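Encoded as structure tokens, the structure appears first; notes follow it.
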There are 2 protein chains.
Amino acid sequence: YKLFRWFSAKQCALPTPKMTENGLGHREKVLNMNTMNPNVKRVEYAVRGPIVQRAVQIEKELKEGVKKPFSEVIKANIGDAHAMGQKPITFFRQVVALCAYPDLLEDNKFPDDAKNRARRILQSCGGGSLGAYSASTGIEVIRQDVARYIEKRDGGIPSNPDNIYLSTGASDAIVTMLKLLTSGEGKTRSGVMISIPQYPLYSAALAELAAVQISYYLDEDKCWGLDVSELRRAVEAAREHCKPRALCIINPGNPTGQVQSRQCIEDVIRFAAEERLFLMADEVYQDNVYAEGCQFHSFKKVLFEMGPEYSNTVELASFHSTSKCYMGECGFRGGYMEVINMDPQVKLQLTKLVSVRLCPPIPGQVLLDLVVNPPRPDEPSYATFIKERTANLEILAEKAKLTEQIFNTVSGIRCNPVQGAMYTFPLPYSSYSNHGYVIRAMCSHHPLSLGFGQRDGTHHFRMTILPATEKLKIVLENIRAFHKRFTEEFS
Amino acid sequence: YKLFRWFSAKQCALPTPKMTENGLGHREKVLNMNTMNPNVKRVEYAVRGPIVQRAVQIEKELKEGVKKPFSEVIKANIGDAHAMGQKPITFFRQVVALCAYPDLLEDNKFPDDAKNRARRILQSCGGGSLGAYSASTGIEVIRQDVARYIEKRDGGIPSNPDNIYLSTGASDAIVTMLKLLTSGEGKTRSGVMISIPQYPLYSAALAELAAVQISYYLDEDKCWGLDVSELRRAVEAAREHCKPRALCIINPGNPTGQVQSRQCIEDVIRFAAEERLFLMADEVYQDNVYAEGCQFHSFKKVLFEMGPEYSNTVELASFHSTSKCYMGECGFRGGYMEVINMDPQVKLQLTKLVSVRLCPPIPGQVLLDLVVNPPRPDEPSYATFIKERTANLEILAEKAKLTEQIFNTVSGIRCNPVQGAMYTFPLPYSSYSNHGYVIRAMCSHHPLSLGFGQRDGTHHFRMTILPATEKLKIVLENIRAFHKRFTEEFS
Ligand SMILES: Cc1ncc(COP(=O)(O)O)c(C=O)c1O
Ligand SMILES: Cc1ncc(COP(=O)(O)O)c(C=O)c1O
């Protein structure tokens, strides 16, 4: 495999949009940049921006036979496990196929537990078909299964299916909650605290809603940890110009890969209670914990273990998804949120709001059901399921370690351990702009990602640990070589 | 089958939400009705409101063995064909199953065309899996297939895949377009024209966006036709307090079932051009045309046939979905929009905006691909496909006629022909409020729907034509009996 080739800045130019004019098109458009929703204009979303577009272009050129010094673009830009070769869990897909085409229920190639699961799900679908709309909050038996899953995960702390809202991926539920939380004008405008670095869905949704983003910084020196004194600094500064209403936490973290300690979660909950903030816990990476000594603690569980003073008052929405963990089923767009201590009238409003879009996709609901209700030890598919799940998680853990190790041998790149999630967020020391760095790195074949936010003057990029191990090694070696050349060129 | 039983007003009481308080819950919530997004509060959405909740309750009671004078709730409240017993198209579901569980590609029970289709789709998915995210605008080959489908439908008028955006049902694309179109404050706030009666997604989305709803009335006396003079009246009145920017048309109509003539569409396009309005054409019922002499004309086709003065200037977004027509695959949440003459910079903004939510569900994209690219005459599944499609459409046509016929024999109920779509919107003459009417009717087992808007002083309700023919007859006979009793009681 040929290692990286250096590209000139010109060769790295990003595609510019074609602005074709038709003959009569000089008349001003009704919908143009001046009349368009100004909040949309303010939305920034670099993860799928020009760098990815350039990568797609390069891939196309390769397919068309354009000669390049490499034969493949290795994408390390989004948390999309299947796209990088991870295989789906057999049982999950068997059940989806059975539900989609119930004639297969007569087929003896499918195990009985898969068939039973499919029959149970179809019975709770309108007309016994995946093609019917469900209740807007999701299919009732699936919401019950979710509640039972949460109870089991959290050591028996009760979960009520009435608090479960199924969603179109976690994205959908997160945006819906932020929407509910947005109100006021000027200095009473809602402020929402998000970490920097962050997952850019949050900043994008806040821009679109014209809510105020209150940034708090994670501490790179403490393994991207969260410190309550930084939360306090941020909220106090924000009080000058908005009304802080919510605090968003991503744990395990994207793009930073840290896993929060139980103590830290307790501190955050206490802070939210004191400052009267609605808590949003994004826990889509809850199974993605690799580092020794780290463990996933759900906000719900910690909240309830803190006693009634907290568990009866602090308002919490937590989010989960089919997209990450060991299953990586992003394309199905399955997810749920659990709301705790939500005002019952607001809950009715939430139900009304989700009704307008009818319902989350049923295949995604089915997949979510399988995630929360996988084969049991006494069922025929159990052994294979465990084998596949374990293998997927072990490979991720191995790649997390590999990434950290290699990066830390590159002089001039600093990289925290990947405790969890699927990303590393290294800091190349360089005086050149971060945008330039990533574009140039990308042109040596690796789409990396920008747009997560960071402290001024630093130029991190995000890289997933998802490429297959051999390819990941190539990527890391390429970045090492690239970084060396880049540093020589610009110093 | 026992005909309707009369319920007292008390027996018909709708469920009121439980407002449980916990011991320590007296502290005011962070998120309550006063701090919640006021736009959300303004959203009205009755279609899935208390009447449907009551129906679900009754169904549950029946399941639990509670004695009622009937054994089943026949739902005629939402356009959900599978829930009412319509069967999925075999070929579509075969391909979905093959894509979900590609081991089946080795199975000789599946026809070759289904396998080829599945292989082609999987090749265009990341990692060959439905579990990967796609491009945010949708899988490229599917967008190409959509463009070819539109070209064929519209007699060769070109369609560019770059103008196609796949979506999570049509709902998603409609809301996204309305979002782009919303700007300004006070008297410069965007106004959007929608029909009354309307499909309540529109009013709900406008309320949520705090855009101005400009109502134009359909003419019940002219078979719910649309008259340009009424459009003009509405837009002129609206100019006093907002900036009219867009005109939404639903054709064939929901809830009114009318099909627009070619002439009418031309008039509407000319009006939009004169008044400088962005056109939104909701064409999700494009295959649902039953009445003799009626035909579906796409706005795109008529626009292009009107010549370059229009086809090069009028901005148009048209919407389609997997949810209706002969397939009725609502649960998959598949859909697309085609944009014509959109400002290229706005298009980039649109692409950015849809990127935030990552991508529409892949199984829905697959289903959409099959709708726009069904079996061809030379393929093994063609005969069955045509048979199933024809049967579904013929049964709908039959039920459309039946509904109109029976309603028009009921004295005191007036009902236009159901030319297309899946609904009738009859007018019971009565002095009692419409809400009361439907609730009482519902308690004699039929969830009908409210919330579509109508002229003041009239009390229409919407009923789908989707129950199986025998059941539809029962529903209609029940309504006849109910109406008689109701009229006696309240006159
Ligand atoms: C932290 C975090 N939250 C939410 C999401 C949204 O995932 P989805 O909408 O696919 O469930 C992602 C996806 O990458 C994520 O990283
Ligand atoms: C007129 C109209 N438009 C749009 C929709 C939305 O359909 P979906 O989001 O399922 O594609 C419906 C659904 O009933 C409808 O009747």
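Letters for chains follow the order of the structure tokens (A, B, ...), residue numbers begin at 1 for each chain, and ligand numbers begin at 1 in the order shown.
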- Quick one: residues within 8 Å of ligand 1, with only C-alpha atoms and all ligand atoms, as a PyMOL selection string? (chain A and resi 78-80+168-172+174+198-199+201+250-255+282-285+319-324+330-331+333-335) or (chain B and resi 133+357-358)
Limited to C-alpha atoms, could you put the picked residues into a file as a PDB file, in the first residue's frame?
```pdb
ATOM      1  CA  ILE A  78     -18.373   9.625  10.502  1.00  0.00           C
ATOM      2  CA  GLY A  79     -19.444   7.147  13.121  1.00  0.00           C
ATOM      3  CA  ASP A  80     -20.890   4.717  10.616  1.00  0.00           C
ATOM      4  CA  THR A 168     -36.230   8.607  14.185  1.00  0.00           C
ATOM      5  CA  GLY A 169     -32.703   8.042  15.441  1.00  0.00           C
ATOM      6  CA  ALA A 170     -31.597   9.881  18.548  1.00  0.00           C
ATOM      7  CA  SER A 171     -31.241  13.042  16.434  1.00  0.00           C
ATOM      8  CA  ASP A 172     -34.984  13.416  16.134  1.00  0.00           C
ATOM      9  CA  ILE A 174     -32.800  15.537  20.718  1.00  0.00           C
ATOM     10  CA  GLN A 198     -19.472  18.948  20.877  1.00  0.00           C
ATOM     11  CA  TYR A 199     -21.457  16.832  18.471  1.00  0.00           C
ATOM     12  CA  LEU A 201     -26.248  18.411  15.920  1.00  0.00           C
ATOM     13  CA  ILE A 250     -22.734  13.470  25.871  1.00  0.00           C
ATOM     14  CA  ASN A 251     -21.440  10.388  27.669  1.00  0.00           C
ATOM     15  CA  PRO A 252     -19.420   8.560  26.412  1.00  0.00           C
ATOM     16  CA  GLY A 253     -18.257  11.605  24.528  1.00  0.00           C
ATOM     17  CA  ASN A 254     -18.311  12.490  20.861  1.00  0.00           C
ATOM     18  CA  PRO A 255     -15.874  13.686  19.490  1.00  0.00           C
ATOM     19  CA  ASP A 282     -27.030  11.765  25.234  1.00  0.00           C
ATOM     20  CA  GLU A 283     -26.092   8.172  25.928  1.00  0.00           C
ATOM     21  CA  VAL A 284     -25.999   6.718  22.437  1.00  0.00           C
ATOM     22  CA  TYR A 285     -22.531   5.225  23.096  1.00  0.00           C
ATOM     23  CA  PHE A 319     -31.401   9.419  24.583  1.00  0.00           C
ATOM     24  CA  HIS A 320     -30.412   6.156  22.993  1.00  0.00           C
ATOM     25  CA  SER A 321     -30.106   4.955  19.412  1.00  0.00           C
ATOM     26  CA  THR A 322     -29.697   1.869  17.247  1.00  0.00           C
ATOM     27  CA  SER A 323     -26.842   3.611  15.423  1.00  0.00           C
ATOM     28  CA  LYS A 324     -23.853   2.961  17.680  1.00  0.00           C
ATOM     29  CA  CYS A 330     -27.528   3.857  11.615  1.00  0.00           C
ATOM     30  CA  GLY A 331     -29.591   3.458   8.448  1.00  0.00           C
ATOM     31  CA  ARG A 333     -33.000   5.468  12.183  1.00  0.00           C
ATOM     32  CA  GLY A 334     -34.167   3.872  15.417  1.00  0.00           C
ATOM     33  CA  GLY A 335     -33.972   5.524  18.809  1.00  0.00           C
TER      34      GLY A 335
ATOM     35  CA  TYR B 133     -26.069   6.167   6.821  1.00  0.00           C
ATOM     36  CA  ARG B 357     -30.429  14.869  10.782  1.00  0.00           C
ATOM     37  CA  LEU B 358     -27.984  12.617   8.907  1.00  0.00           C
TER      38      LEU B 358
END
```
- Message: For a quick check of understanding, using only C-alpha atoms, which of B:Gln258, B:Ser195, B:Gln286, B:Thr351 has the smallest distance to chain A?
- Response: B:Thr351
- Message: Quick one: residues within 9 Å of B:Pro197, only C-alpha atoms, excluding same-chain residues fewer than 5 positions away - as number ranges by chain?
- Response: B: 215-218, 254-256, 451-455
Could you dump the residues just selected with N, CA and C atoms as an mmCIF file, in the first residue's frame?
```
data_model
loop_
_atom_site.group_PDB
_atom_site.id
_atom_site.type_symbol
_atom_site.label_atom_id
_atom_site.label_comp_id
_atom_site.auth_asym_id
_atom_site.auth_seq_id
_atom_site.Cartn_x
_atom_site.Cartn_y
_atom_site.Cartn_z
ATOM 1 N N SER B 215 -55.360 31.482 4.810
ATOM 2 C CA SER B 215 -56.341 30.460 4.442
ATOM 3 C C SER B 215 -57.081 30.840 3.173
ATOM 4 N N TYR B 216 -57.151 29.930 2.226
ATOM 5 C CA TYR B 216 -58.086 30.106 1.108
ATOM 6 C C TYR B 216 -59.065 28.941 1.150
ATOM 7 N N TYR B 217 -60.301 29.224 0.797
ATOM 8 C CA TYR B 217 -61.337 28.211 0.963
ATOM 9 C C TYR B 217 -61.605 27.467 -0.334
ATOM 10 N N LEU B 218 -61.729 26.152 -0.219
ATOM 11 C CA LEU B 218 -62.164 25.352 -1.364
ATOM 12 C C LEU B 218 -63.685 25.460 -1.449
ATOM 13 N N ASN B 254 -56.714 16.109 0.243
ATOM 14 C CA ASN B 254 -57.012 15.570 1.564
ATOM 15 C C ASN B 254 -57.426 16.761 2.405
ATOM 16 N N PRO B 255 -58.550 16.790 3.055
ATOM 17 C CA PRO B 255 -59.519 15.709 3.288
ATOM 18 C C PRO B 255 -60.650 15.654 2.263
ATOM 19 N N THR B 256 -60.558 16.409 1.196
ATOM 20 C CA THR B 256 -61.754 16.672 0.398
ATOM 21 C C THR B 256 -61.904 15.779 -0.827
ATOM 22 N N GLY B 451 -60.411 18.456 12.674
ATOM 23 C CA GLY B 451 -59.178 19.229 12.733
ATOM 24 C C GLY B 451 -58.644 19.617 11.379
ATOM 25 N N PHE B 452 -59.493 19.644 10.368
ATOM 26 C CA PHE B 452 -59.017 19.989 9.030
ATOM 27 C C PHE B 452 -59.357 21.414 8.638
ATOM 28 N N GLY B 453 -60.176 22.051 9.479
ATOM 29 C CA GLY B 453 -60.606 23.412 9.166
ATOM 30 C C GLY B 453 -61.798 23.375 8.224
ATOM 31 N N GLN B 454 -62.608 24.405 8.275
ATOM 32 C CA GLN B 454 -63.791 24.498 7.420
ATOM 33 C C GLN B 454 -64.378 25.891 7.588
ATOM 34 N N ARG B 455 -65.347 26.217 6.763
ATOM 35 C CA ARG B 455 -65.994 27.512 6.904
ATOM 36 C C ARG B 455 -66.723 27.574 8.237
#
```
- What are the DSSP strand (DSSP E) residues of stretch 260-478 of chain B, as a ChimeraX atom specification? /B:278-282,316-321,334-340,413-414,423-424,427-428,463-464
Mind running chain A against ligand 2 at 12 Å and telling me each contacting residue's nearest atom pair with the distance in Å (one decimal), counting only C-alpha atoms and all ligand atoms, chain and number ascending, as CSV?
```
residue,atom,partner,partner_atom_place_in_ligand_line,distance
A:Gly131,CA,ligand 2,10 (O),10.2
A:Ala132,CA,ligand 2,10 (O),9.7
A:Tyr133,CA,ligand 2,10 (O),7.9
A:Ser134,CA,ligand 2,10 (O),11.1
A:Ser136,CA,ligand 2,10 (O),11.9
A:Ser355,CA,ligand 2,9 (O),10.9
A:Val356,CA,ligand 2,9 (O),9.2
A:Arg357,CA,ligand 2,9 (O),6.5
A:Leu358,CA,ligand 2,9 (O),6.8
A:Cys359,CA,ligand 2,10 (O),8.5
A:Pro360,CA,ligand 2,9 (O),10.1
A:Pro361,CA,ligand 2,10 (O),9.8
A:Ile362,CA,ligand 2,10 (O),11.8
```
Keeping C-alpha atoms for every residue in the selection just given, could you write it to a file as a PDB file, in the first residue's frame?
```pdb
ATOM      1  CA  GLY A 131     -46.493  -0.667   6.454  1.00  0.00           C
ATOM      2  CA  ALA A 132     -48.998   0.768   8.956  1.00  0.00           C
ATOM      3  CA  TYR A 133     -48.340   3.951  10.906  1.00  0.00           C
ATOM      4  CA  SER A 134     -47.840   3.274  14.609  1.00  0.00           C
ATOM      5  CA  SER A 136     -46.820   8.602  17.304  1.00  0.00           C
ATOM      6  CA  SER A 355     -47.966  13.403  16.259  1.00  0.00           C
ATOM      7  CA  VAL A 356     -47.611  16.005  13.526  1.00  0.00           C
ATOM      8  CA  ARG A 357     -44.931  13.849  11.836  1.00  0.00           C
ATOM      9  CA  LEU A 358     -47.103  10.747  12.291  1.00  0.00           C
ATOM     10  CA  CYS A 359     -44.600   8.172  13.610  1.00  0.00           C
ATOM     11  CA  PRO A 360     -40.968   7.032  13.610  1.00  0.00           C
ATOM     12  CA  PRO A 361     -40.085   4.489  10.888  1.00  0.00           C
ATOM     13  CA  ILE A 362     -41.382   1.040  11.822  1.00  0.00           C
TER      14      ILE A 362
END
```
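Picture a line from atom CA of B:Glu292 to atom CA of B:Thr458; it runs 28.6 Å.
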- Item | Among the residues B:Tyr326, B:Phe332, B:Phe92, B:Phe110, the one that comes closest to chain A [using only C-alpha atoms] |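 The closest residue to chain A is B:Phe332.
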- With a distance cut-off of 12 Å and only C-alpha atoms, select the neighbouring residues of B:Gly155, excluding the residue or stretch itself and same-chain residues fewer than 5 positions from it, and output the selection as a list in words.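 Returned residues: Arg148, Tyr149, Ile150, His297, Ser298, Lys300, Lys301, Val302, Phe304 and Glu305 of chain B.
Here the question is which of A:Pro102, A:Gly225, A:Pro88, A:Pro200 gets nearest to A:Asn116 using only C-alpha atoms, and that residue is A:Pro102.
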Non-local contacts of B:Thr35 (10 Å; only C-alpha atoms; under 4 positions in same chain excluded) as an mmCIF file with C-alpha atoms, in the first residue's frame:
```cif
data_model
loop_
_atom_site.group_PDB
_atom_site.id
_atom_site.type_symbol
_atom_site.label_atom_id
_atom_site.label_comp_id
_atom_site.auth_asym_id
_atom_site.auth_seq_id
_atom_site.Cartn_x
_atom_site.Cartn_y
_atom_site.Cartn_z
ATOM 1 C CA LEU A 180 -39.704 22.375 23.536
ATOM 2 C CA LEU A 181 -37.071 24.124 25.615
ATOM 3 C CA THR A 182 -36.777 27.194 23.386
ATOM 4 C CA SER A 183 -38.706 30.317 24.284
ATOM 5 C CA GLY A 184 -38.360 33.979 25.156
ATOM 6 C CA SER A 190 -33.558 30.167 26.403
ATOM 7 C CA ARG A 245 -32.674 26.362 30.850
ATOM 8 C CA VAL A 346 -45.720 19.465 28.781
ATOM 9 C CA LYS B 29 -40.830 22.565 36.846
ATOM 10 C CA VAL B 30 -38.017 24.072 34.791
ATOM 11 C CA LEU B 31 -39.956 23.136 31.684
#
```
- For the atom pair atom CA of A:Val371 and atom CA of B:Ile142, what is the interatomic distance in Å to one decimal place?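 Between atom CA of A:Val371 and atom CA of B:Ile142 the gap is 28.5 Å.
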- Item | Selected residue of minimal separation from chain A among B:Ile74, B:Leu105, B:Val259, B:Ala97, counting only C-alpha atoms | B:Ala97
- Query: Do you know which residues are at most 9 Å from A:Arg239 counting only C-alpha atoms, after dropping those on the same chain fewer than 5 positions away, and could you put them as a VMD selection string?
  - Reply: chain A and resid 187 191 234 244
Keeping C-alpha atoms, export the residues of the selection given above as a PDB file, in the first residue's frame.
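The result, written out as result.pdb:
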```
ATOM      1  CA  LYS A 187     -32.364  38.538  27.503  1.00  0.00           C
ATOM      2  CA  GLY A 191     -29.914  29.252  26.807  1.00  0.00           C
ATOM      3  CA  ALA A 234     -20.277  29.283  31.764  1.00  0.00           C
ATOM      4  CA  PRO A 244     -30.180  29.235  30.958  1.00  0.00           C
TER       5      PRO A 244
END
```
- Message: Nearest residue to chain B out of A:Thr188, A:Asn408, A:Gln419, A:Asn312, using only C-alpha atoms?
- Response: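 Using only C-alpha atoms, chain B sits closest to A:Asn312.
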- Query: Counting only C-alpha atoms, what is within 9 Å of stretch 38-40 of chain A, bar same-chain residues fewer than 4 positions away, as a PyMOL selection string?
  - Reply: (chain A and resi 33-34+44+204+207-210) or (chain B and resi 179-180+182-184+349-350+352-353)
- Task: Pick out each residue of stretch 66-308 of chain A that DSSP on the backbone tags as helix (DSSP H, G or I); I need them as a ChimeraX atom specification.
- Result: /A:82-84,90-100,102-106,112-123,126-128,140-153,161-163,169-180,186-188,201-209,220-222,228-239,262-275,299-305,308
Output file for the selection above: C-alpha atoms, as a short mmCIF file (atom, residue, chain, number, x, y, z; two decimals), in the first residue's frame:
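Writing done, so here's again.cif:
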```cif
data_model
loop_
_atom_site.label_atom_id
_atom_site.label_comp_id
_atom_site.auth_asym_id
_atom_site.auth_seq_id
_atom_site.Cartn_x
_atom_site.Cartn_y
_atom_site.Cartn_z
CA HIS A 82 -21.40 -0.75 8.74
CA ALA A 83 -20.03 1.58 6.09
CA MET A 84 -16.58 0.67 7.42
CA THR A 90 -27.58 -11.92 12.31
CA PHE A 91 -30.56 -12.27 14.64
CA PHE A 92 -31.58 -8.63 14.19
CA ARG A 93 -31.63 -8.87 10.44
CA GLN A 94 -33.43 -12.20 10.45
CA VAL A 95 -36.26 -10.70 12.46
CA VAL A 96 -36.45 -7.62 10.22
CA ALA A 97 -36.62 -9.83 7.12
CA LEU A 98 -39.34 -11.98 8.70
CA CYS A 99 -41.36 -8.89 9.59
CA ALA A 100 -40.93 -7.39 6.12
CA PRO A 102 -43.99 -12.74 6.66
CA ASP A 103 -44.15 -15.61 4.13
CA LEU A 104 -40.70 -16.41 5.53
CA LEU A 105 -42.35 -17.43 8.79
CA GLU A 106 -43.00 -20.75 7.02
CA ASP A 112 -37.72 -20.23 16.24
CA ASP A 113 -36.78 -17.34 18.48
CA ALA A 114 -36.46 -15.05 15.46
CA LYS A 115 -39.87 -16.18 14.25
CA ASN A 116 -41.47 -15.71 17.64
CA ARG A 117 -40.03 -12.25 17.91
CA ALA A 118 -41.30 -11.35 14.45
CA ARG A 119 -44.79 -12.69 15.19
CA ARG A 120 -44.98 -10.73 18.42
CA ILE A 121 -43.96 -7.51 16.70
CA LEU A 122 -46.31 -8.00 13.75
CA GLN A 123 -49.20 -8.59 16.14
CA GLY A 126 -51.68 -2.15 12.52
CA GLY A 127 -53.05 -4.83 10.20
CA GLY A 128 -50.06 -7.00 11.11
CA GLU A 140 -46.69 0.13 22.66
CA VAL A 141 -45.05 -3.27 23.21
CA ILE A 142 -41.74 -1.84 22.06
CA ARG A 143 -42.04 1.02 24.51
CA GLN A 144 -42.70 -1.59 27.21
CA ASP A 145 -39.62 -3.53 26.13
CA VAL A 146 -37.56 -0.35 26.27
CA ALA A 147 -38.76 0.33 29.82
CA ARG A 148 -37.83 -3.19 30.90
CA TYR A 149 -34.41 -2.83 29.29
CA ILE A 150 -33.76 0.39 31.18
CA GLU A 151 -34.85 -1.24 34.45
CA LYS A 152 -32.47 -4.11 33.92
CA ARG A 153 -29.61 -1.85 32.87
CA PRO A 161 -43.40 2.97 29.31
CA ASP A 162 -45.44 6.19 29.38
CA ASN A 163 -42.14 8.05 29.70
CA GLY A 169 -32.70 8.04 15.44
CA ALA A 170 -31.60 9.88 18.55
CA SER A 171 -31.24 13.04 16.43
CA ASP A 172 -34.98 13.42 16.13
CA ALA A 173 -35.67 13.19 19.87
CA ILE A 174 -32.80 15.54 20.72
CA VAL A 175 -34.07 18.20 18.32
CA THR A 176 -37.62 17.78 19.63
CA MET A 177 -36.52 18.31 23.22
CA LEU A 178 -34.46 21.37 22.29
CA LYS A 179 -37.50 22.72 20.46
CA LEU A 180 -39.70 22.38 23.54
CA GLY A 186 -33.72 39.04 24.00
CA LYS A 187 -32.36 38.54 27.50
CA THR A 188 -35.05 35.99 28.39
CA LEU A 201 -26.25 18.41 15.92
CA TYR A 202 -26.54 20.47 19.09
CA SER A 203 -25.13 23.74 17.82
CA ALA A 204 -27.01 23.31 14.54
CA ALA A 205 -30.35 22.73 16.26
CA LEU A 206 -29.81 25.68 18.59
CA ALA A 207 -28.99 27.96 15.67
CA GLU A 208 -32.07 26.81 13.82
CA LEU A 209 -34.24 27.45 16.86
CA GLU A 220 -8.14 18.25 27.42
CA ASP A 221 -5.52 18.03 30.14
CA LYS A 222 -7.85 15.87 32.21
CA VAL A 228 -18.40 21.63 37.53
CA SER A 229 -16.50 24.85 38.11
CA GLU A 230 -16.35 25.29 34.33
CA LEU A 231 -20.10 24.68 34.11
CA ARG A 232 -20.59 27.34 36.78
CA ARG A 233 -18.36 29.83 35.00
CA ALA A 234 -20.28 29.28 31.76
CA VAL A 235 -23.76 29.56 33.27
CA GLU A 236 -22.89 32.68 35.23
CA ALA A 237 -21.50 34.44 32.22
CA ALA A 238 -24.55 33.41 30.19
CA ARG A 239 -27.03 34.81 32.73
CA ARG A 262 -19.97 8.28 38.63
CA GLN A 263 -18.73 11.13 40.79
CA CYS A 264 -18.73 13.52 37.88
CA ILE A 265 -22.31 12.60 36.98
CA GLU A 266 -23.41 13.19 40.55
CA ASP A 267 -21.75 16.59 40.52
CA VAL A 268 -23.46 17.47 37.25
CA ILE A 269 -26.86 16.44 38.60
CA ARG A 270 -26.34 18.49 41.75
CA PHE A 271 -25.33 21.45 39.60
CA ALA A 272 -28.43 21.08 37.41
CA ALA A 273 -30.64 20.94 40.49
CA GLU A 274 -29.03 24.05 42.01
CA GLU A 275 -29.11 26.04 38.81
CA PHE A 299 -27.78 9.62 34.38
CA LYS A 300 -31.12 8.05 35.27
CA LYS A 301 -29.53 5.52 37.60
CA VAL A 302 -27.25 8.01 39.33
CA LEU A 303 -30.16 10.43 39.70
CA PHE A 304 -32.28 7.81 41.43
CA GLU A 305 -29.45 6.67 43.65
CA PRO A 308 -35.80 11.58 46.41
#
```
